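Student: Next comes the structure file coords-v6.txt, holding compact mmCIF, C-alpha atoms.
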# COMPACT_ATOMS: atom_id res chain seq x y z
CA MET U 1 20.96 -4.17 17.30
CA PRO U 2 24.63 -5.00 16.70
CA PRO U 3 26.76 -2.18 15.34
CA VAL U 4 27.44 -2.37 11.65
CA HIS U 5 30.83 -1.41 10.36
CA ARG U 6 30.52 1.54 8.03
CA SER U 7 32.27 -0.24 5.19
CA VAL U 8 29.43 -2.80 5.22
CA VAL U 9 26.89 0.00 4.93
CA TYR U 10 28.88 1.59 2.14
CA GLU U 11 28.93 -1.71 0.26
CA TRP U 12 25.17 -1.42 0.03
CA LEU U 13 25.31 2.06 -1.48
CA ARG U 14 25.88 2.86 -5.14
CA HIS U 15 28.85 5.16 -5.29
CA ASP U 16 28.62 5.84 -8.99
CA LYS U 17 25.27 7.54 -8.44
CA LYS U 18 26.69 10.90 -7.52
CA PHE U 19 26.81 11.01 -3.78
CA PRO U 20 26.18 13.34 -1.98
CA HIS U 21 22.54 12.71 -2.78
CA VAL U 22 20.05 15.17 -4.30
CA TRP U 23 17.98 15.88 -1.18
CA CYS U 24 18.09 19.17 0.68
CA PRO U 25 20.57 19.55 3.55
CA GLY U 26 19.07 17.89 6.61
CA CYS U 27 16.28 16.07 4.75
CA GLY U 28 14.81 13.19 6.70
CA LEU U 29 15.01 10.94 3.64
CA GLY U 30 18.76 10.67 4.14
CA VAL U 31 18.24 9.52 7.73
CA LEU U 32 15.66 6.99 6.52
CA LEU U 33 18.04 5.77 3.81
CA GLY U 34 20.72 5.15 6.43
CA SER U 35 18.25 3.43 8.71
CA LEU U 36 16.92 1.23 5.89
CA VAL U 37 20.40 0.19 4.79
CA ARG U 38 21.42 -0.59 8.38
CA THR U 39 18.28 -2.67 8.84
CA LEU U 40 18.84 -4.56 5.59
CA VAL U 41 22.45 -5.29 6.50
CA ASN U 42 21.49 -6.43 9.99
CA SER U 43 18.64 -8.62 8.71
CA GLY U 44 21.13 -10.85 6.94
CA LEU U 45 19.24 -10.74 3.66
CA ASP U 46 21.01 -11.39 0.39
CA LYS U 47 21.50 -8.21 -1.59
CA ASN U 48 20.24 -9.92 -4.73
CA ARG U 49 16.98 -11.05 -3.10
CA VAL U 50 15.78 -7.58 -2.10
CA VAL U 51 13.84 -5.26 -4.41
CA LEU U 52 13.21 -1.61 -3.63
CA VAL U 53 10.35 0.01 -5.51
CA SER U 54 9.50 3.69 -5.49
CA GLY U 55 7.12 6.08 -7.19
CA ILE U 56 7.65 9.72 -8.01
CA GLY U 57 8.70 12.47 -5.66
CA CYS U 58 11.65 13.15 -3.42
CA SER U 59 11.31 9.64 -2.02
CA GLY U 60 11.39 8.21 -5.54
CA ARG U 61 15.07 8.88 -5.61
CA LEU U 62 15.81 6.62 -2.63
CA PRO U 63 16.15 3.19 -4.32
CA VAL U 64 18.62 4.69 -6.76
CA TYR U 65 21.20 4.95 -4.00
CA VAL U 66 20.91 1.41 -2.65
CA ASP U 67 22.72 -1.42 -4.38
CA VAL U 68 19.78 -3.84 -4.44
CA GLY U 69 17.26 -4.57 -7.15
CA SER U 70 15.51 -1.25 -7.63
CA VAL U 71 12.59 -0.05 -9.70
CA HIS U 72 11.68 3.61 -10.06
CA THR U 73 8.10 3.54 -11.29
CA THR U 74 5.34 5.94 -12.28
CA HIS U 75 3.55 8.26 -9.91
CA GLY U 76 1.58 6.44 -7.23
CA ARG U 77 2.08 3.02 -8.80
CA ALA U 78 4.92 1.73 -6.62
CA LEU U 79 2.61 -0.76 -4.88
CA THR U 80 1.19 -2.08 -8.15
CA PHE U 81 4.64 -2.78 -9.54
CA ALA U 82 5.62 -4.31 -6.20
CA THR U 83 2.53 -6.55 -6.31
CA GLY U 84 3.59 -7.84 -9.71
CA ILE U 85 7.16 -8.43 -8.60
CA LYS U 86 6.07 -10.29 -5.48
CA LEU U 87 3.57 -12.51 -7.31
CA ALA U 88 6.08 -13.32 -10.05
CA ASN U 89 8.75 -14.28 -7.52
CA PRO U 90 7.40 -14.74 -3.98
CA ASP U 91 10.89 -15.44 -2.59
CA LEU U 92 11.94 -11.83 -3.02
CA THR U 93 11.71 -9.30 -0.24
CA VAL U 94 9.88 -6.39 -1.81
CA ILE U 95 10.01 -2.99 -0.14
CA THR U 96 8.22 0.06 -1.50
CA VAL U 97 9.23 3.58 -0.54
CA MET U 98 6.60 6.23 -1.15
CA GLY U 99 5.92 9.78 -0.18
CA ASP U 100 2.64 10.88 1.37
CA GLY U 101 1.33 12.40 -1.85
CA ASP U 102 2.51 9.41 -3.86
CA ALA U 103 0.93 6.86 -1.54
CA THR U 104 -2.30 8.52 -0.42
CA ALA U 105 -3.29 10.85 -3.25
CA ILE U 106 -2.16 9.54 -6.62
CA GLY U 107 -1.74 5.99 -5.34
CA GLY U 108 -4.41 6.13 -2.68
CA ASN U 109 -6.48 3.40 -4.29
CA HIS U 110 -3.47 1.12 -4.59
CA LEU U 111 -2.58 1.64 -0.95
CA ILE U 112 -5.95 0.58 0.43
CA HIS U 113 -6.25 -2.35 -1.97
CA ALA U 114 -2.73 -3.57 -1.27
CA ALA U 115 -3.58 -3.45 2.43
CA ARG U 116 -6.89 -5.23 1.80
CA ARG U 117 -5.22 -8.01 -0.22
CA ASN U 118 -2.61 -8.44 2.50
CA LEU U 119 0.08 -9.50 0.07
CA ASP U 120 3.46 -9.92 1.72
CA LEU U 121 4.75 -6.45 0.85
CA ASN U 122 6.65 -3.92 2.92
CA ALA U 123 5.66 -0.29 2.49
CA ILE U 124 7.50 2.69 3.88
CA ILE U 125 5.56 5.94 3.60
CA VAL U 126 7.60 9.06 4.18
CA ASN U 127 5.17 11.66 5.44
CA ASN U 128 6.41 15.22 5.14
CA LEU U 129 2.91 16.73 5.05
CA ASN U 130 3.16 18.26 1.56
CA TYR U 131 4.38 17.75 -2.02
CA GLY U 132 7.99 18.69 -1.37
CA MET U 133 9.53 18.12 -4.79
CA THR U 134 7.08 20.25 -6.77
CA GLY U 135 7.19 23.24 -4.44
CA GLY U 136 5.06 22.64 -1.39
CA GLN U 137 1.51 22.10 -2.64
CA TYR U 138 -0.91 20.61 -0.13
CA SER U 139 -1.25 16.85 0.00
CA PRO U 140 -3.91 14.65 1.65
CA THR U 141 -1.87 14.65 4.87
CA THR U 142 -1.42 18.42 5.19
CA PRO U 143 -2.94 19.38 8.56
CA MET U 144 -6.01 21.60 8.59
CA GLY U 145 -5.08 25.25 8.82
CA ALA U 146 -1.50 24.79 7.63
CA LYS U 147 -0.26 26.94 4.78
CA ALA U 148 0.85 25.51 1.45
CA THR U 149 1.64 26.89 -1.99
CA THR U 150 -1.89 26.02 -3.09
CA ALA U 151 -3.46 27.05 0.24
CA ARG U 152 -2.14 30.51 0.93
CA TYR U 153 -4.69 31.29 3.65
CA GLY U 154 -4.61 27.94 5.37
CA HIS U 155 -5.67 24.47 4.31
CA ILE U 156 -9.40 23.84 4.68
CA GLU U 157 -9.58 20.05 4.29
CA PRO U 158 -9.24 17.49 7.08
CA SER U 159 -6.17 15.32 6.66
CA PHE U 160 -5.66 11.59 6.23
CA ASP U 161 -4.21 9.50 9.01
CA ILE U 162 -2.14 7.08 6.92
CA SER U 163 -1.65 4.53 9.69
CA ALA U 164 -5.32 4.44 10.68
CA LEU U 165 -6.35 4.23 7.01
CA SER U 166 -4.17 1.23 6.22
CA ALA U 167 -5.00 -0.46 9.52
CA THR U 168 -8.70 -0.21 8.70
CA ALA U 169 -8.07 -1.45 5.18
CA GLY U 170 -6.55 -4.66 6.58
CA ALA U 171 -2.79 -4.29 6.86
CA ALA U 172 -1.11 -6.93 9.02
CA PHE U 173 1.46 -4.61 10.54
CA VAL U 174 1.29 -0.85 10.94
CA ALA U 175 3.86 1.24 12.76
CA ARG U 176 4.71 4.90 12.99
CA SER U 177 8.04 6.50 13.61
CA THR U 178 9.91 9.72 12.96
CA VAL U 179 13.37 10.41 11.66
CA TYR U 180 14.26 11.95 15.00
CA HIS U 181 13.61 8.62 16.81
CA VAL U 182 16.15 6.89 14.63
CA THR U 183 16.91 3.89 16.87
CA GLN U 184 13.18 3.24 17.18
CA LEU U 185 12.91 3.64 13.39
CA ASP U 186 15.56 0.93 12.94
CA LYS U 187 13.53 -1.35 15.20
CA MET U 188 10.26 -0.67 13.36
CA LEU U 189 11.87 -1.35 9.99
CA SER U 190 13.33 -4.65 11.17
CA LEU U 191 9.93 -5.68 12.59
CA MET U 192 8.39 -4.71 9.25
CA LEU U 193 10.84 -6.96 7.38
CA GLN U 194 10.16 -9.90 9.68
CA LYS U 195 6.38 -9.60 9.43
CA ARG U 196 4.52 -11.73 6.92
CA GLY U 197 1.65 -9.86 5.27
CA PHE U 198 1.22 -6.24 4.28
CA SER U 199 3.45 -4.24 6.62
CA LEU U 200 3.51 -0.49 6.62
CA VAL U 201 5.72 1.98 8.45
CA GLU U 202 4.78 5.64 8.36
CA VAL U 203 7.85 7.78 8.84
CA LEU U 204 7.36 11.43 9.73
CA SER U 205 10.08 13.47 8.10
CA PRO U 206 10.65 17.22 8.11
CA CYS U 207 10.34 19.24 4.90
CA HIS U 208 11.90 22.45 6.12
CA THR U 209 12.46 23.73 2.58
CA ASN U 210 8.76 23.97 1.74
CA PHE U 211 6.38 23.06 4.55
CA GLY U 212 8.62 24.43 7.28
CA ARG U 213 9.33 27.68 5.46
CA GLN U 214 5.69 28.38 4.62
CA ASN U 215 4.50 27.62 8.14
CA LYS U 216 7.45 29.31 9.85
CA LEU U 217 8.57 26.16 11.61
CA GLY U 218 12.27 26.94 11.34
CA SER U 219 15.05 24.63 10.25
CA GLN U 220 14.91 20.84 10.17
CA VAL U 221 16.51 20.85 13.61
CA ASP U 222 13.56 22.81 15.01
CA MET U 223 11.12 20.52 13.22
CA MET U 224 12.81 17.43 14.59
CA LYS U 225 12.65 18.95 18.06
CA THR U 226 8.87 19.20 17.66
CA TYR U 227 8.83 15.45 16.91
CA LYS U 228 10.74 14.93 20.13
CA ARG U 229 8.22 17.10 21.98
CA ASP U 230 5.01 15.72 20.47
CA ALA U 231 5.73 12.02 19.97
CA VAL U 232 4.21 9.66 22.52
CA ARG U 233 4.86 5.95 22.77
CA GLN U 234 1.86 3.88 21.74
CA GLU U 235 1.66 2.20 25.17
CA ARG U 236 1.28 5.58 26.84
CA TRP U 237 -0.95 6.94 24.09
CA GLU U 238 -3.60 4.31 24.82
CA LYS U 239 -3.86 5.52 28.42
CA MET U 240 -4.08 9.21 27.50
CA SER U 241 -7.32 11.17 27.51
CA GLN U 242 -8.64 12.99 24.47
CA GLU U 243 -7.48 16.38 25.79
CA GLU U 244 -3.95 15.14 26.37
CA ARG U 245 -3.79 13.74 22.85
CA GLU U 246 -4.49 17.15 21.30
CA GLY U 247 -1.64 18.15 18.99
CA ARG U 248 0.37 15.02 19.69
CA PHE U 249 0.85 11.71 17.89
CA SER U 250 1.82 8.19 18.83
CA ILE U 251 4.87 6.28 17.66
CA GLY U 252 5.51 2.58 17.80
CA VAL U 253 3.68 -0.53 16.66
CA LEU U 254 0.04 0.42 16.11
CA VAL U 255 -1.28 -2.82 14.61
CA ASP U 256 0.27 -6.28 14.64
CA ARG U 257 -2.06 -9.12 13.67
CA ASP U 258 -1.89 -12.39 11.79
CA HIS U 259 -4.34 -13.26 9.12
CA PRO U 260 -3.86 -15.29 5.93
CA THR U 261 -2.04 -13.43 3.21
CA TYR U 262 -2.89 -13.27 -0.47
CA LEU U 263 -0.15 -15.80 -1.21
CA ASP U 264 -1.80 -18.36 1.11
CA HIS U 265 -5.14 -17.95 -0.65
CA TYR U 266 -3.43 -18.05 -4.03
CA ALA U 267 -1.65 -21.32 -3.24
CA GLU U 268 -4.98 -22.76 -2.06
CA VAL U 269 -6.73 -21.76 -5.27
CA CYS U 270 -3.89 -23.22 -7.37
CA GLN U 271 -4.22 -26.53 -5.54
CA ARG U 272 -7.97 -26.56 -5.98
CA ALA U 273 -7.68 -25.81 -9.69
CA ALA U 274 -5.07 -28.56 -10.17
CA ARG U 275 -7.30 -31.05 -8.34
CA LEU U 276 -10.31 -30.15 -10.50
CA ARG U 277 -8.22 -30.51 -13.63
CA GLU U 278 -7.01 -33.96 -12.55
CA GLU U 279 -10.60 -34.98 -11.84
CA ALA U 280 -11.75 -33.71 -15.26
CA LYS U 281 -8.99 -35.71 -16.98
CA SER U 282 -9.77 -38.99 -15.25
CA MET Y 1 13.20 7.87 24.42
CA SER Y 2 13.82 11.23 26.04
CA ALA Y 3 12.73 9.92 29.43
CA LYS Y 4 15.25 7.12 29.13
CA SER Y 5 18.18 9.42 28.38
CA LYS Y 6 17.21 11.69 31.26
CA ALA Y 7 17.33 8.79 33.69
CA LYS Y 8 20.98 8.16 32.87
CA PRO Y 9 23.50 9.76 35.23
CA GLU Y 10 24.91 12.95 33.79
CA THR Y 11 28.57 12.19 34.48
CA LYS Y 12 29.05 8.66 33.27
CA PRO Y 13 32.65 7.46 33.56
CA LEU Y 14 34.07 6.76 30.15
CA LYS Y 15 35.32 3.27 29.45
CA GLU Y 16 37.89 4.48 26.99
CA PRO Y 17 38.64 7.85 25.48
CA ALA Y 18 36.63 8.41 22.34
CA GLN Y 19 39.34 10.52 20.81
CA GLY Y 20 39.84 9.87 17.13
CA LYS Y 21 36.77 7.67 16.94
CA VAL Y 22 34.57 10.12 15.06
CA SER Y 23 35.49 10.68 11.42
CA PHE Y 24 33.98 13.31 9.16
CA PHE Y 25 33.80 13.23 5.37
CA PRO Y 26 33.54 16.87 4.35
CA ALA Y 27 32.92 16.03 0.69
CA TRP Y 28 29.56 14.47 1.53
CA CYS Y 29 28.61 16.88 4.34
CA LYS Y 30 25.88 19.42 3.53
CA ARG Y 31 26.38 21.28 6.83
CA CYS Y 32 22.78 20.75 7.98
CA GLY Y 33 23.77 20.67 11.64
CA ASN Y 34 21.81 17.58 12.73
CA CYS Y 35 24.86 16.02 14.37
CA VAL Y 36 25.73 19.15 16.35
CA ALA Y 37 22.15 19.87 17.43
CA PHE Y 38 21.33 16.35 18.63
CA CYS Y 39 24.62 15.23 20.19
CA PRO Y 40 23.46 14.10 23.65
CA ARG Y 41 26.65 15.36 25.27
CA GLN Y 42 27.29 18.45 23.14
CA ALA Y 43 30.68 17.16 22.04
CA LEU Y 44 30.38 18.47 18.48
CA ALA Y 45 30.48 22.01 17.15
CA GLN Y 46 30.35 23.70 13.77
CA ASP Y 47 33.33 25.60 12.42
CA GLU Y 48 33.03 28.95 10.68
CA TRP Y 49 31.94 27.22 7.47
CA GLY Y 50 29.35 25.08 9.21
CA HIS Y 51 31.32 21.83 9.04
CA PRO Y 52 31.11 19.79 12.23
CA PHE Y 53 34.15 18.85 14.26
CA LEU Y 54 34.76 17.07 17.55
CA LYS Y 55 35.12 20.05 19.86
CA SER Y 56 35.31 18.20 23.17
CA PRO Y 57 36.59 14.65 22.56
CA GLU Y 58 36.58 13.94 26.29
CA ARG Y 59 32.77 14.36 26.34
CA CYS Y 60 32.18 11.99 23.40
CA THR Y 61 30.97 8.52 24.38
CA ALA Y 62 31.00 7.23 20.79
CA CYS Y 63 27.26 6.46 21.05
CA GLY Y 64 26.88 6.81 17.30
CA LEU Y 65 23.78 9.01 17.29
CA CYS Y 66 25.46 11.61 15.05
CA GLU Y 67 26.23 8.89 12.53
CA MET Y 68 22.63 7.66 12.57
CA LEU Y 69 21.13 11.17 12.33
CA CYS Y 70 23.46 12.27 9.54
CA PRO Y 71 21.37 12.26 6.33
CA ASP Y 72 24.48 12.26 4.14
CA PHE Y 73 26.62 9.38 5.49
CA ALA Y 74 29.26 12.00 6.27
CA ILE Y 75 30.09 10.83 9.81
CA SER Y 76 31.31 7.51 11.04
CA VAL Y 77 31.85 6.54 14.64
CA GLY Y 78 33.84 3.68 16.05
CA GLU Y 79 36.72 3.43 13.66
CA ALA Y 80 39.67 5.76 13.54
CA ALA Y 81 39.79 7.80 10.36
CA PRO Y 82 42.27 6.64 7.73
CA ALA Y 83 45.65 8.22 8.21
CA VAL Y 84 45.42 10.11 4.95
CA ALA Y 85 42.66 12.28 6.38
CA ASP Y 86 45.10 13.71 8.92
CA THR Y 87 48.05 14.26 6.64
CA CYS Y 88 46.34 15.53 3.48
CA PRO Y 89 44.25 18.66 3.03
CA ALA Y 90 40.51 18.11 3.06
CA PRO Y 91 39.00 16.87 -0.22
CA GLY Y 92 38.46 19.67 -2.69
CA LYS Y 93 40.93 21.97 -0.90
CA PRO Y 94 44.14 22.99 -2.71
CA GLY Y 95 46.78 20.29 -2.53
CA SER Y 96 44.30 17.48 -1.92
CA PRO Y 97 44.69 14.42 -4.14
CA VAL Y 98 40.99 13.64 -3.74
CA SER Y 99 38.27 15.28 -5.80
CA PRO Y 100 35.37 16.81 -3.89
CA ASN Y 101 33.02 14.25 -5.42
CA HIS Y 102 34.80 11.15 -4.18
CA SER Y 103 33.40 8.27 -2.16
CA PRO Y 104 34.59 7.87 1.43
CA GLU Y 105 36.36 4.64 0.63
CA ARG Y 106 38.61 6.55 -1.66
CA LEU Y 107 39.99 8.26 1.42
CA ALA Y 108 41.93 5.07 2.08
CA PRO Y 109 45.68 5.65 2.22
CA ILE Y 110 47.19 6.24 -1.19
CA PRO Y 111 50.06 3.81 -1.86
CA THR Y 112 53.41 5.56 -1.94
CA GLU Y 113 55.98 4.57 -4.57
CA GLU Y 114 59.19 3.38 -3.00
Take the structure in the file and write it out as structure tokens.
Tutor:
Amino acid sequence: MPPVHRSVVYEWLRHDKKFPHVWCPGCGLGVLLGSLVRTLVNSGLDKNRVVLVSGIGCSGRLPVYVDVGSVHTTHGRALTFATGIKLANPDLTVITVMGDGDATAIGGNHLIHAARRNLDLNAIIVNNLNYGMTGGQYSPTTPMGAKATTARYGHIEPSFDISALSATAGAAFVARSTVYHVTQLDKMLSLMLQKRGFSLVEVLSPCHTNFGRQNKLGSQVDMMKTYKRDAVRQERWEKMSQEEREGRFSIGVLVDRDHPTYLDHYAEVCQRAARLREEAKS
Amino acid sequence: MSAKSKAKPETKPLKEPAQGKVSFFPAWCKRCGNCVAFCPRQALAQDEWGHPFLKSPERCTACGLCEMLCPDFAISVGEAAPAVADTCPAPGKPGSPVSPNHSPERLAPIPTEE
């Protein structure tokens, strides 16, 4: 990826929106914001043809800082608003940024149905394993046994695997990355932008303020070091045995497939309807 | 990624000195310490207030990882800092013409009346 001059990156930020941003010191969302802006600049897209949509939560604040079309919507409904935007104007590049609670709990239905429809949307899900903004309650991705504000003695529910869920639901492109592997994250985001169809990138991000504090994981530096320790490239992951996989996770492109998108089917149906109308007239 | 960086020789000859290539914007820095912790060549350090500075410029290869890992856009690598950053006190400090809530572009040299 060619280096981007910082002034170009800063042109894509909104300086009247009170930088430094609202997130905690060391929050992974800032790293993701930088990565996203770099990717957008490098992709050569027109600033006025990109729309960022977000729901509620810490991640909901992200589009506010980027000088593109941005919509800050209701809780869990980022993908529904994005669906409307994309169908109204299919030329736009629509990117949704959601947290794990936003995408899989409140908007869980929308996530699987957006993946099933395979509309040409880009979804970034920032997974910090809890509800960070409201004080560290457990979310659908909180690992079993982990402590949370609403699970003082350990969480007793199995957790969602966001990537596997959306892959099963029919997404065209699914990738996972962490904010520690920032060059790889840049690459995944640019692949996501190039892909036609529902593309999803799950980004693991440390929440040292809530999840890290309650589970005694240390600062965000310590949490990012665990990403470095536990992350395995997808190519190697496929060759690993079940015992080796214990406690680790894969990063990289998990699913990359081509099947017709919603827009293809929609164009087909429009043509068919127009033909039937012509036949009825004549 | 870690395997790749390990494979690189430890003492790589520098093409050009990286001195003056890393600029810090203290007004945006939240002193989280990402840049210092993950510098592959340990060229950065934190001062007594937690702000990062280029402790060993001769070790810096200007790889740009600190810039990418900074959540607050408070580091830039590759371009020398504007001259005003050297001559004026840091933003927010007494005597600085820049407010602590400025944007980095506003660190551009202030035109002098002649």
Student: Restrict the calculation to all atoms listed in the file, then for each residue of chain U with any atom at most 8 Å from an atom of chain Y give the closest atom pair and their distance in Å to one decimal, rows by chain and rising residue number, as a Markdown table.
Tutor:
| residue | atom | partner | partner_atom | distance |
| --- | --- | --- | --- | --- |
| U:Arg6 | CA | Y:Ser76 | CA | 6.7 |
| U:Ser7 | CA | Y:Glu105 | CA | 7.8 |
| U:His15 | CA | Y:Ser103 | CA | 6.3 |
| U:Lys18 | CA | Y:Asn101 | CA | 7.5 |
| U:Phe19 | CA | Y:Trp28 | CA | 6.9 |
| U:Pro20 | CA | Y:Trp28 | CA | 5.0 |
| U:His21 | CA | Y:Asp72 | CA | 7.2 |
| U:Pro25 | CA | Y:Cys32 | CA | 5.1 |
| U:Gly26 | CA | Y:Cys32 | CA | 4.9 |
| U:Cys27 | CA | Y:Pro71 | CA | 6.6 |
| U:Gly28 | CA | Y:Pro71 | CA | 6.6 |
| U:Leu29 | CA | Y:Pro71 | CA | 7.0 |
| U:Gly30 | CA | Y:Pro71 | CA | 3.8 |
| U:Val31 | CA | Y:Pro71 | CA | 4.4 |
| U:Leu32 | CA | Y:Pro71 | CA | 7.8 |
| U:Leu33 | CA | Y:Pro71 | CA | 7.7 |
| U:Gly34 | CA | Y:Met68 | CA | 6.9 |
| U:Ser35 | CA | Y:Met68 | CA | 7.2 |
| U:Val179 | CA | Y:Leu69 | CA | 7.8 |
| U:Tyr180 | CA | Y:Leu69 | CA | 7.4 |
| U:His181 | CA | Y:Met1 | CA | 7.7 |
| U:Val182 | CA | Y:Met68 | CA | 6.8 |
| U:Val221 | CA | Y:Asn34 | CA | 6.3 |
| U:Lys228 | CA | Y:Ser2 | CA | 7.6 |
Student: How about saving the chosen residues, C-alpha atoms kept, as an mmCIF file, in the coordinates of the input?
Tutor:
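Result file is again.cif:
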data_model
loop_
_atom_site.group_PDB
_atom_site.id
_atom_site.type_symbol
_atom_site.label_atom_id
_atom_site.label_comp_id
_atom_site.auth_asym_id
_atom_site.auth_seq_id
_atom_site.Cartn_x
_atom_site.Cartn_y
_atom_site.Cartn_z
ATOM 1 C CA ARG U 6 30.520 1.540 8.030
ATOM 2 C CA SER U 7 32.270 -0.240 5.190
ATOM 3 C CA HIS U 15 28.850 5.160 -5.290
ATOM 4 C CA LYS U 18 26.690 10.900 -7.520
ATOM 5 C CA PHE U 19 26.810 11.010 -3.780
ATOM 6 C CA PRO U 20 26.180 13.340 -1.980
ATOM 7 C CA HIS U 21 22.540 12.710 -2.780
ATOM 8 C CA PRO U 25 20.570 19.550 3.550
ATOM 9 C CA GLY U 26 19.070 17.890 6.610
ATOM 10 C CA CYS U 27 16.280 16.070 4.750
ATOM 11 C CA GLY U 28 14.810 13.190 6.700
ATOM 12 C CA LEU U 29 15.010 10.940 3.640
ATOM 13 C CA GLY U 30 18.760 10.670 4.140
ATOM 14 C CA VAL U 31 18.240 9.520 7.730
ATOM 15 C CA LEU U 32 15.660 6.990 6.520
ATOM 16 C CA LEU U 33 18.040 5.770 3.810
ATOM 17 C CA GLY U 34 20.720 5.150 6.430
ATOM 18 C CA SER U 35 18.250 3.430 8.710
ATOM 19 C CA VAL U 179 13.370 10.410 11.660
ATOM 20 C CA TYR U 180 14.260 11.950 15.000
ATOM 21 C CA HIS U 181 13.610 8.620 16.810
ATOM 22 C CA VAL U 182 16.150 6.890 14.630
ATOM 23 C CA VAL U 221 16.510 20.850 13.610
ATOM 24 C CA LYS U 228 10.740 14.930 20.130
#
Student: Quick one: 8 Å padding each side, axis-aligned, all listed atoms of stretch 64-82 of chain U - centre and edge lengths in Å to one decimal, as JSON?
Tutor:
{"center_x": 12.0, "center_y": 1.8, "center_z": -7.5, "size_x": 37.5, "size_y": 28.8, "size_z": 25.6}
Student: So what do you get for atom CA of U:Gly57 versus atom CA of U:Leu87, distance-wise?
Tutor: 25.6 Å
Student: Could you list, as a PyMOL selection string, every residue within 6 Å of Y:Leu54, counting only C-alpha atoms and ignoring same-chain residues fewer than 2 positions away?
Tutor: chain Y and resi 44+56-57
Student: If I take atom CA of U:Gly55 and atom CA of U:Val97, how far is one from the other in Å, to one decimal?
Tutor: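 About the pair atom CA of U:Gly55 and atom CA of U:Val97: they are 7.4 Å apart.
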Student: Using all atoms listed in the file, give me every residue within 12 Å of (9.1, 32.3, -4.8) in file coordinates, as a list in words.
Tutor: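 Protein and nucleic acid residues near the point are Gly135, Gly136, Thr149, Thr209, Asn210, Arg213 and Gln214 of chain U.
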Student: Any idea what the distance is between atom CA of U:Leu36 and atom CA of U:Tyr227?
Tutor: 19.7 Å
Student: Applying 6 Å and all atoms listed in the file, which residues near stretch 103-112 of chain U remain after dropping the ones on its own chain fewer than 4 positions away? List them as a list of chain:residue names.
Tutor: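 The contact residues come out as U:Gly76, U:Arg77, U:Met98, U:Gly99, U:Ala169.
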Student: Given all atoms listed in the file as the basis, pick out the residue of Y:Arg41, Y:Phe53, Y:Gln46, Y:Ala62 nearest to Y:Phe25.
Tutor: Y:Phe53
Student: List every protein, DNA or RNA residue with an atom no more than 12 Å from (10.7, 23.5, 9.2) in the file's coordinates, counting only C-alpha atoms, and format the result as a PyMOL selection string.
Tutor: chain U and resi 26-28+128-130+132+205-227
Student: Can you write stretch 40-49 of chain U from the block above with N, CA, C and O atoms, as an mmCIF file, in the first residue's frame?
Tutor:
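decode_39.cif was written with the following content:
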data_model
loop_
_atom_site.group_PDB
_atom_site.id
_atom_site.type_symbol
_atom_site.label_atom_id
_atom_site.label_comp_id
_atom_site.auth_asym_id
_atom_site.auth_seq_id
_atom_site.Cartn_x
_atom_site.Cartn_y
_atom_site.Cartn_z
ATOM 1 N N LEU U 40 -9.709 4.368 2.648
ATOM 2 C CA LEU U 40 -10.586 5.149 1.768
ATOM 3 C C LEU U 40 -9.763 6.064 0.875
ATOM 4 O O LEU U 40 -10.045 6.207 -0.317
ATOM 5 N N VAL U 41 -8.725 6.687 1.446
ATOM 6 C CA VAL U 41 -7.888 7.579 0.655
ATOM 7 C C VAL U 41 -7.174 6.786 -0.428
ATOM 8 O O VAL U 41 -7.122 7.186 -1.595
ATOM 9 N N ASN U 42 -6.631 5.622 -0.049
ATOM 10 C CA ASN U 42 -5.880 4.811 -1.008
ATOM 11 C C ASN U 42 -6.770 4.199 -2.081
ATOM 12 O O ASN U 42 -6.308 3.875 -3.155
ATOM 13 N N SER U 43 -8.071 4.003 -1.775
ATOM 14 C CA SER U 43 -8.946 3.357 -2.746
ATOM 15 C C SER U 43 -9.310 4.302 -3.880
ATOM 16 O O SER U 43 -9.883 3.858 -4.875
ATOM 17 N N GLY U 44 -9.004 5.575 -3.731
ATOM 18 C CA GLY U 44 -9.291 6.516 -4.807
ATOM 19 C C GLY U 44 -10.754 6.863 -4.959
ATOM 20 O O GLY U 44 -11.172 7.381 -5.990
ATOM 21 N N LEU U 45 -11.553 6.583 -3.932
ATOM 22 C CA LEU U 45 -12.979 6.902 -4.002
ATOM 23 C C LEU U 45 -13.195 8.395 -3.817
ATOM 24 O O LEU U 45 -12.394 9.080 -3.165
ATOM 25 N N ASP U 46 -14.278 8.882 -4.395
ATOM 26 C CA ASP U 46 -14.652 10.277 -4.205
ATOM 27 C C ASP U 46 -15.288 10.415 -2.819
ATOM 28 O O ASP U 46 -16.131 9.607 -2.430
ATOM 29 N N LYS U 47 -14.864 11.442 -2.120
ATOM 30 C CA LYS U 47 -15.372 11.680 -0.770
ATOM 31 C C LYS U 47 -16.897 11.791 -0.736
ATOM 32 O O LYS U 47 -17.543 11.380 0.222
ATOM 33 N N ASN U 48 -17.455 12.343 -1.811
ATOM 34 C CA ASN U 48 -18.901 12.579 -1.832
ATOM 35 C C ASN U 48 -19.705 11.357 -2.256
ATOM 36 O O ASN U 48 -20.926 11.416 -2.324
ATOM 37 N N ARG U 49 -19.006 10.257 -2.585
ATOM 38 C CA ARG U 49 -19.707 9.043 -3.000
ATOM 39 C C ARG U 49 -19.594 7.952 -1.941
ATOM 40 O O ARG U 49 -19.841 6.780 -2.244
#
